[in-house]
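model.pdb (PDB, C-alpha atoms)
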ATOM      1  CA  MET A  20       6.297  13.890  21.023
ATOM      2  CA  SER A  21       5.513  10.169  20.727
ATOM      3  CA  PRO A  22       7.882   7.925  18.724
ATOM      4  CA  HIS A  23       5.548   7.732  15.720
ATOM      5  CA  GLN A  24       4.145  11.245  15.872
ATOM      6  CA  PRO A  25       4.838  13.221  12.675
ATOM      7  CA  HIS A  26       6.968  16.316  12.728
ATOM      8  CA  PRO A  27       5.192  18.769  10.412
ATOM      9  CA  GLY A  28       7.100  21.773   9.189
ATOM     10  CA  ALA A  29       5.793  25.318   9.479
ATOM     11  CA  GLY A  30       4.421  26.642   6.230
ATOM     12  CA  ALA A  31       4.593  23.224   4.585
ATOM     13  CA  GLU A  32       1.041  23.640   3.258
ATOM     14  CA  ARG A  33       2.280  25.623   0.252
ATOM     15  CA  GLY A  34       4.097  22.783  -1.444
ATOM     16  CA  ILE A  35       2.999  19.243  -2.224
ATOM     17  CA  MET A  36       4.505  16.097  -0.724
ATOM     18  CA  VAL A  37       4.326  13.322  -3.304
ATOM     19  CA  VAL A  38       4.594   9.804  -1.899
ATOM     20  CA  VAL A  39       5.318   6.998  -4.346
ATOM     21  CA  VAL A  40       4.079   3.613  -3.143
ATOM     22  CA  GLY A  41       3.574   0.193  -4.641
ATOM     23  CA  PRO A  42       4.551  -3.458  -4.312
ATOM     24  CA  SER A  43       8.002  -4.910  -4.855
ATOM     25  CA  GLY A  44       8.624  -5.345  -8.555
ATOM     26  CA  ALA A  45       6.317  -2.514  -9.614
ATOM     27  CA  GLY A  46       9.259  -0.278 -10.532
ATOM     28  CA  LYS A  47       9.008   2.572  -8.033
ATOM     29  CA  ASP A  48      12.753   3.146  -7.748
ATOM     30  CA  THR A  49      13.304   2.994 -11.502
ATOM     31  CA  LEU A  50      10.515   5.469 -12.223
ATOM     32  CA  MET A  51      11.654   7.857  -9.509
ATOM     33  CA  ASN A  52      15.220   7.750 -10.846
ATOM     34  CA  LEU A  53      14.028   8.435 -14.398
ATOM     35  CA  ALA A  54      11.824  11.300 -13.224
ATOM     36  CA  ALA A  55      14.680  12.770 -11.183
ATOM     37  CA  ARG A  56      16.861  12.703 -14.279
ATOM     38  CA  HIS A  57      14.122  14.358 -16.351
ATOM     39  CA  PHE A  58      13.625  17.186 -13.834
ATOM     40  CA  ALA A  59      17.320  17.624 -13.014
ATOM     41  CA  GLY A  60      18.229  21.290 -12.812
ATOM     42  CA  ARG A  61      14.791  22.460 -11.725
ATOM     43  CA  ALA A  62      14.783  24.166  -8.339
ATOM     44  CA  ASP A  63      11.103  23.551  -7.597
ATOM     45  CA  ILE A  64      11.054  19.738  -7.439
ATOM     46  CA  HIS A  65      13.118  17.594  -5.076
ATOM     47  CA  PHE A  66      13.608  13.837  -4.849
ATOM     48  CA  THR A  67      14.409  13.079  -1.235
ATOM     49  CA  ARG A  68      16.647  10.266  -0.012
ATOM     50  CA  ARG A  69      15.313   8.063   2.751
ATOM     51  CA  VAL A  70      17.170   7.092   5.903
ATOM     52  CA  ILE A  71      16.971   3.310   6.371
ATOM     53  CA  THR A  72      18.362   0.832   8.857
ATOM     54  CA  ARG A  73      19.592  -1.287   5.962
ATOM     55  CA  HIS A  74      23.171  -1.909   4.876
ATOM     56  CA  ARG A  75      24.307   0.432   2.103
ATOM     57  CA  GLY A  76      25.355  -2.471  -0.100
ATOM     58  CA  ALA A  77      22.051  -4.331   0.179
ATOM     59  CA  GLY A  78      20.867  -3.081  -3.200
ATOM     60  CA  GLY A  79      17.687  -1.230  -4.081
ATOM     61  CA  GLU A  80      17.255   2.511  -3.766
ATOM     62  CA  ASP A  81      19.936   5.070  -2.989
ATOM     63  CA  HIS A  82      19.496   5.659   0.732
ATOM     64  CA  LEU A  83      21.343   6.864   3.813
ATOM     65  CA  SER A  84      22.210   3.766   5.826
ATOM     66  CA  VAL A  85      22.226   4.054   9.615
ATOM     67  CA  SER A  86      22.298   1.663  12.549
ATOM     68  CA  LEU A  87      19.283   1.142  14.788
ATOM     69  CA  GLU A  88      21.013   3.249  17.418
ATOM     70  CA  GLY A  89      21.741   5.996  14.926
ATOM     71  CA  PHE A  90      18.153   5.967  13.701
ATOM     72  CA  ALA A  91      16.830   6.222  17.254
ATOM     73  CA  ALA A  92      19.111   9.183  17.956
ATOM     74  CA  MET A  93      17.929  10.936  14.777
ATOM     75  CA  GLU A  94      14.294  10.303  15.679
ATOM     76  CA  GLN A  95      14.760  11.664  19.197
ATOM     77  CA  SER A  96      16.437  14.808  17.860
ATOM     78  CA  GLY A  97      13.553  15.536  15.472
ATOM     79  CA  SER A  98      15.506  14.717  12.318
ATOM     80  CA  PHE A  99      12.523  13.083  10.606
ATOM     81  CA  ALA A 100       9.354  14.574   9.177
ATOM     82  CA  VAL A 101       7.899  11.052   9.158
ATOM     83  CA  TRP A 102       9.239   7.635  10.086
ATOM     84  CA  TRP A 103       7.848   4.120  10.142
ATOM     85  CA  GLU A 104       8.736   0.448  10.431
ATOM     86  CA  ALA A 105       8.215  -2.235   7.782
ATOM     87  CA  HIS A 106       9.758  -5.615   6.941
ATOM     88  CA  GLY A 107      12.001  -5.460  10.004
ATOM     89  CA  LEU A 108      13.538  -2.121   8.978
ATOM     90  CA  LYS A 109      13.017   1.509   9.964
ATOM     91  CA  TYR A 110      12.543   4.221   7.366
ATOM     92  CA  GLY A 111      12.704   7.998   7.789
ATOM     93  CA  ILE A 112      11.969  11.046   5.646
ATOM     94  CA  PRO A 113      14.345  13.901   6.582
ATOM     95  CA  ALA A 114      12.727  16.878   8.323
ATOM     96  CA  GLU A 115      14.505  19.185   5.850
ATOM     97  CA  VAL A 116      11.756  18.490   3.292
ATOM     98  CA  SER A 117       9.647  21.077   5.121
ATOM     99  CA  VAL A 118      11.960  23.829   3.854
ATOM    100  CA  ALA A 119      11.252  22.996   0.201
ATOM    101  CA  LEU A 120       7.538  22.568   0.901
ATOM    102  CA  SER A 121       7.353  25.931   2.667
ATOM    103  CA  ARG A 122       8.702  27.491  -0.547
ATOM    104  CA  GLY A 123       5.868  25.986  -2.548
ATOM    105  CA  HIS A 124       7.981  23.247  -4.106
ATOM    106  CA  ILE A 125       7.251  19.603  -4.869
ATOM    107  CA  VAL A 126       8.985  16.923  -2.811
ATOM    108  CA  VAL A 127       8.920  13.323  -4.054
ATOM    109  CA  ALA A 128       9.571  10.475  -1.622
ATOM    110  CA  ASN A 129       9.510   6.706  -1.722
ATOM    111  CA  GLY A 130       6.921   5.707   0.854
ATOM    112  CA  SER A 131       4.810   2.834   2.095
ATOM    113  CA  ARG A 132       1.089   2.210   1.930
ATOM    114  CA  SER A 133       1.152   1.263   5.614
ATOM    115  CA  ALA A 134       2.609   4.669   6.554
ATOM    116  CA  LEU A 135       0.340   6.929   4.505
ATOM    117  CA  HIS A 136      -1.661   8.006   7.563
ATOM    118  CA  ARG A 137       1.569   9.390   9.030
ATOM    119  CA  PHE A 138       2.360  11.291   5.846
ATOM    120  CA  GLN A 139      -1.180  12.678   5.808
ATOM    121  CA  ALA A 140      -0.847  13.857   9.410
ATOM    122  CA  ALA A 141       2.483  15.553   8.675
ATOM    123  CA  PHE A 142       1.773  17.160   5.297
ATOM    124  CA  PRO A 143      -1.381  19.195   4.575
ATOM    125  CA  ARG A 144      -0.954  18.764   0.817
ATOM    126  CA  LEU A 145      -0.305  15.104   0.066
ATOM    127  CA  LYS A 146      -0.372  13.326  -3.295
ATOM    128  CA  VAL A 147      -0.002   9.553  -3.563
ATOM    129  CA  ILE A 148       1.237   7.827  -6.727
ATOM    130  CA  ASN A 149       0.473   4.113  -6.519
ATOM    131  CA  VAL A 150       2.726   2.254  -8.962
ATOM    132  CA  THR A 151       1.301  -1.153  -9.837
ATOM    133  CA  ALA A 152       1.643  -3.888 -12.432
ATOM    134  CA  ARG A 153      -0.265  -7.028 -13.335
ATOM    135  CA  ALA A 154       0.417 -10.002 -11.052
ATOM    136  CA  GLU A 155       2.217 -11.993 -13.733
ATOM    137  CA  VAL A 156       4.462  -9.017 -14.488
ATOM    138  CA  LEU A 157       5.314  -8.568 -10.807
ATOM    139  CA  ALA A 158       6.041 -12.285 -10.483
ATOM    140  CA  GLY A 159       8.385 -12.226 -13.456
ATOM    141  CA  ARG A 160      10.306  -9.204 -12.155
ATOM    142  CA  LEU A 161      10.618 -10.626  -8.645
ATOM    143  CA  GLU A 162      11.832 -13.970  -9.951
ATOM    144  CA  ALA A 163      14.407 -12.181 -12.113
ATOM    145  CA  ARG A 164      15.798 -10.494  -8.988
ATOM    146  CA  GLY A 165      16.467 -13.884  -7.432
ATOM    147  CA  ARG A 166      15.934 -12.651  -3.862
ATOM    148  CA  GLU A 167      12.923 -14.856  -3.078
ATOM    149  CA  THR A 168      11.790 -18.365  -3.900
ATOM    150  CA  HIS A 169       8.935 -18.944  -6.325
ATOM    151  CA  GLU A 170       6.752 -19.995  -3.389
ATOM    152  CA  ASP A 171       7.551 -16.814  -1.453
ATOM    153  CA  ILE A 172       6.693 -14.697  -4.486
ATOM    154  CA  MET A 173       3.370 -16.447  -5.024
ATOM    155  CA  ALA A 174       2.543 -16.017  -1.323
ATOM    156  CA  ARG A 175       3.391 -12.313  -1.550
ATOM    157  CA  LEU A 176       1.138 -11.801  -4.569
ATOM    158  CA  ALA A 177      -1.696 -13.777  -2.966
ATOM    159  CA  ARG A 178      -1.994 -11.321  -0.080
ATOM    160  CA  GLY A 179      -4.615  -9.316  -1.881
ATOM    161  CA  PRO A 180      -5.217  -6.299  -4.094
ATOM    162  CA  LEU A 181      -2.482  -3.715  -4.419
ATOM    163  CA  THR A 182      -4.738  -0.717  -3.972
ATOM    164  CA  VAL A 183      -4.362   2.156  -1.518
ATOM    165  CA  ARG A 184      -6.954   2.082   1.222
ATOM    166  CA  GLY A 185      -8.010   5.283   2.910
ATOM    167  CA  ASP A 186      -9.038   8.823   2.069
ATOM    168  CA  TYR A 187      -6.043   9.950   0.036
ATOM    169  CA  ASP A 188      -5.528  11.810  -3.237
ATOM    170  CA  VAL A 189      -4.271   8.848  -5.272
ATOM    171  CA  THR A 190      -3.221   8.489  -8.899
ATOM    172  CA  GLU A 191      -2.742   4.943 -10.140
ATOM    173  CA  LEU A 192       0.222   4.334 -12.442
ATOM    174  CA  ASP A 193       0.206   0.964 -14.218
ATOM    175  CA  ASN A 194       3.759  -0.108 -15.055
ATOM    176  CA  SER A 195       2.863  -3.402 -16.723
ATOM    177  CA  GLY A 196       4.102  -2.250 -20.129
ATOM    178  CA  SER A 197       7.283  -0.558 -21.292
ATOM    179  CA  ILE A 198       9.310   1.499 -18.855
ATOM    180  CA  GLU A 199       9.282   4.368 -21.374
ATOM    181  CA  GLU A 200       5.491   4.495 -21.265
ATOM    182  CA  ALA A 201       5.438   4.452 -17.464
ATOM    183  CA  GLU A 202       8.139   7.123 -17.349
ATOM    184  CA  GLN A 203       6.003   9.447 -19.462
ATOM    185  CA  LYS A 204       3.028   8.813 -17.146
ATOM    186  CA  MET A 205       5.132   9.678 -14.098
ATOM    187  CA  ILE A 206       6.475  12.848 -15.698
ATOM    188  CA  ALA A 207       2.968  13.923 -16.726
ATOM    189  CA  ILE A 208       1.680  13.480 -13.157
ATOM    190  CA  LEU A 209       4.535  15.545 -11.720
ATOM    191  CA  ASP A 210       4.185  18.198 -14.419
ATOM    192  CA  GLY A 211       0.544  18.584 -13.432
ATOM    193  CA  LEU A 212       1.460  19.007  -9.781
ATOM    194  CA  LEU A 213       4.136  21.568 -10.632
ATOM    195  CA  ALA A 214       1.492  23.571 -12.467
ATOM    196  CA  ASP A 215      -0.693  23.449  -9.327
ATOM    197  CA  VAL A 216       1.959  25.143  -7.187
ATOM    198  CA  GLN A 217       2.985  27.835  -9.661
TER     199      GLN A 217
END

Please render this file's structure as structure tokens.
Amino acid sequence: MSPHQPHPGAGAERGIMVVVVGPSGAGKDTLMNLAARHFAGRADIHFTRRVITRHRGAGGEDHLSVSLEGFAAMEQSGSFAVWWEAHGLKYGIPAEVSVALSRGHIVVANGSRSALHRFQAAFPRLKVINVTARAEVLAGRLEARGRETHEDIMARLARGPLTVRGDYDVTELDNSGSIEEAEQKMIAILDGLLADVQ
């Protein structure tokens, strides 16, 4: 198996892998956390935790932090359903998601637009939720974080449209307004998917 080759699970076609993507500042992590809280206690929807070669205290999403060596060992042992590299880091989705998918459940994961072809190769039933916001909203949120200079933020936003390219089943979720409104949109999308696998 090549380093980037997906590791599909047997019977995974019953459930739906939901990949949440979008630019920094769009609110992916916040919306996923709110949705996880809403669906807490349900056995048929799972919010998976990524494995990342990023320090645990670096902020952002709740993830399993590993070293580059540890990540390589996990990849070689088949511990990932999908893995990819972005922004100088490595990200992995645990292979255990195939168990939930084989039971006809929904699995929600934080992904990357650049890695969607790997998700599509690994999971027969793939849904993409592209969380976006207007450029001025993204700029304001990124500046509030204080991680980048104003010039860096403007350069990031100037890279082009924030759409998903490729033949994927995509639902756009605009998070330019209140977080409560976006939360309801996210919940409605997931409710619809849950109905599809009943």

Query - Close residues, range 145-158 of chain A itself excluded, 9 Å, only C-alpha atoms, min 4 positions apart in chain, as number ranges by chain - result: A: 34-47, 132, 135, 138-139, 162-163, 169, 172-173, 176, 181-183, 187-196, 205, 208, 212

Could you take the residues named above and write them with C-alpha atoms, as a CSV table (one decimal), in the frame of the given file?
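As a result, selection.csv now contains:
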chain,number,residue,atom,x,y,z
A,34,GLY,CA,4.1,22.8,-1.4
A,35,ILE,CA,3.0,19.2,-2.2
A,36,MET,CA,4.5,16.1,-0.7
A,37,VAL,CA,4.3,13.3,-3.3
A,38,VAL,CA,4.6,9.8,-1.9
A,39,VAL,CA,5.3,7.0,-4.3
A,40,VAL,CA,4.1,3.6,-3.1
A,41,GLY,CA,3.6,0.2,-4.6
A,42,PRO,CA,4.6,-3.5,-4.3
A,43,SER,CA,8.0,-4.9,-4.9
A,44,GLY,CA,8.6,-5.3,-8.6
A,45,ALA,CA,6.3,-2.5,-9.6
A,46,GLY,CA,9.3,-0.3,-10.5
A,47,LYS,CA,9.0,2.6,-8.0
A,132,ARG,CA,1.1,2.2,1.9
A,135,LEU,CA,0.3,6.9,4.5
A,138,PHE,CA,2.4,11.3,5.8
A,139,GLN,CA,-1.2,12.7,5.8
A,162,GLU,CA,11.8,-14.0,-10.0
A,163,ALA,CA,14.4,-12.2,-12.1
A,169,HIS,CA,8.9,-18.9,-6.3
A,172,ILE,CA,6.7,-14.7,-4.5
A,173,MET,CA,3.4,-16.4,-5.0
A,176,LEU,CA,1.1,-11.8,-4.6
A,181,LEU,CA,-2.5,-3.7,-4.4
A,182,THR,CA,-4.7,-0.7,-4.0
A,183,VAL,CA,-4.4,2.2,-1.5
A,187,TYR,CA,-6.0,10.0,0.0
A,188,ASP,CA,-5.5,11.8,-3.2
A,189,VAL,CA,-4.3,8.8,-5.3
A,190,THR,CA,-3.2,8.5,-8.9
A,191,GLU,CA,-2.7,4.9,-10.1
A,192,LEU,CA,0.2,4.3,-12.4
A,193,ASP,CA,0.2,1.0,-14.2
A,194,ASN,CA,3.8,-0.1,-15.1
A,195,SER,CA,2.9,-3.4,-16.7
A,196,GLY,CA,4.1,-2.2,-20.1
A,205,MET,CA,5.1,9.7,-14.1
A,208,ILE,CA,1.7,13.5,-13.2
A,212,LEU,CA,1.5,19.0,-9.8

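The space separating CA of Thr72 in chain A from CA of Leu87 in chain A comes to 6.0 Å.
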
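Closest approach to Glu88 in chain A among A:Ala134, A:Ala201, A:Ile71, A:Leu213 is made by A:Ile71 (distances from only C-alpha atoms).
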
Query raised in the report: So how far away is CA of Phe66 in chain A from CA of Gln217 in chain A, in Å?
Result: 18.2 Å

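Taking CA of Tyr110 in chain A and CA of Arg69 in chain A as endpoints, the distance between them is 6.6 Å.
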
Query - Selection result for the PyMOL selection byres ((chain A and resi 68) around 10) on this file, as a list in words - result: His65, Phe66, Thr67, Arg69, Val70, Ile71, Glu80, Asp81, His82, Leu83, Gly111, Ile112, Pro113, Val127, Ala128 and Asn129 of chain A

Could you write those residues out with C-alpha atoms, as a compact mmCIF listing (two decimals), in the frame of the given file?
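Contents of the output file again-v4.txt:
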# COMPACT_ATOMS: atom_id res chain seq x y z
CA HIS A 65 13.12 17.59 -5.08
CA PHE A 66 13.61 13.84 -4.85
CA THR A 67 14.41 13.08 -1.24
CA ARG A 69 15.31 8.06 2.75
CA VAL A 70 17.17 7.09 5.90
CA ILE A 71 16.97 3.31 6.37
CA GLU A 80 17.26 2.51 -3.77
CA ASP A 81 19.94 5.07 -2.99
CA HIS A 82 19.50 5.66 0.73
CA LEU A 83 21.34 6.86 3.81
CA GLY A 111 12.70 8.00 7.79
CA ILE A 112 11.97 11.05 5.65
CA PRO A 113 14.34 13.90 6.58
CA VAL A 127 8.92 13.32 -4.05
CA ALA A 128 9.57 10.48 -1.62
CA ASN A 129 9.51 6.71 -1.72

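Here the question is which of A:His74, A:Gly185, A:Ser86, A:Ala55 gets nearest to Val126 in chain A using all atoms listed in the file, and that residue is A:Ala55.
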
Requested in this report: I need the residue set behind the PyMOL selection byres ((chain A and resi 103) around 9) for this file; please write it as JSON, numbers by chain.
Outcome: {"A": [23, 101, 102, 104, 105, 108, 109, 110, 111, 131, 133, 134, 137]}

How big is the axis-aligned box around all listed atoms of range 93-100 of chain A once 3 Å goes on each side, and where's its centre, in Å to one decimal, as lines of an AutoDock Vina configuration file?
center_x = 13.6
center_y = 12.9
center_z = 14.2
size_x = 14.6
size_y = 11.2
size_z = 16.0

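Ranking A:Glu199, A:His124, A:Leu161, A:Glu115 by their shortest atom-to-atom distance to Arg61 in chain A, with all atoms listed in the file included, puts A:His124 first.
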
Query raised in the report: With only C-alpha atoms as the atoms that count, which of A:Glu200, A:Ala141, A:Asp215, A:Gly130 lies nearest to Asp48 in chain A?
Result: A:Gly130
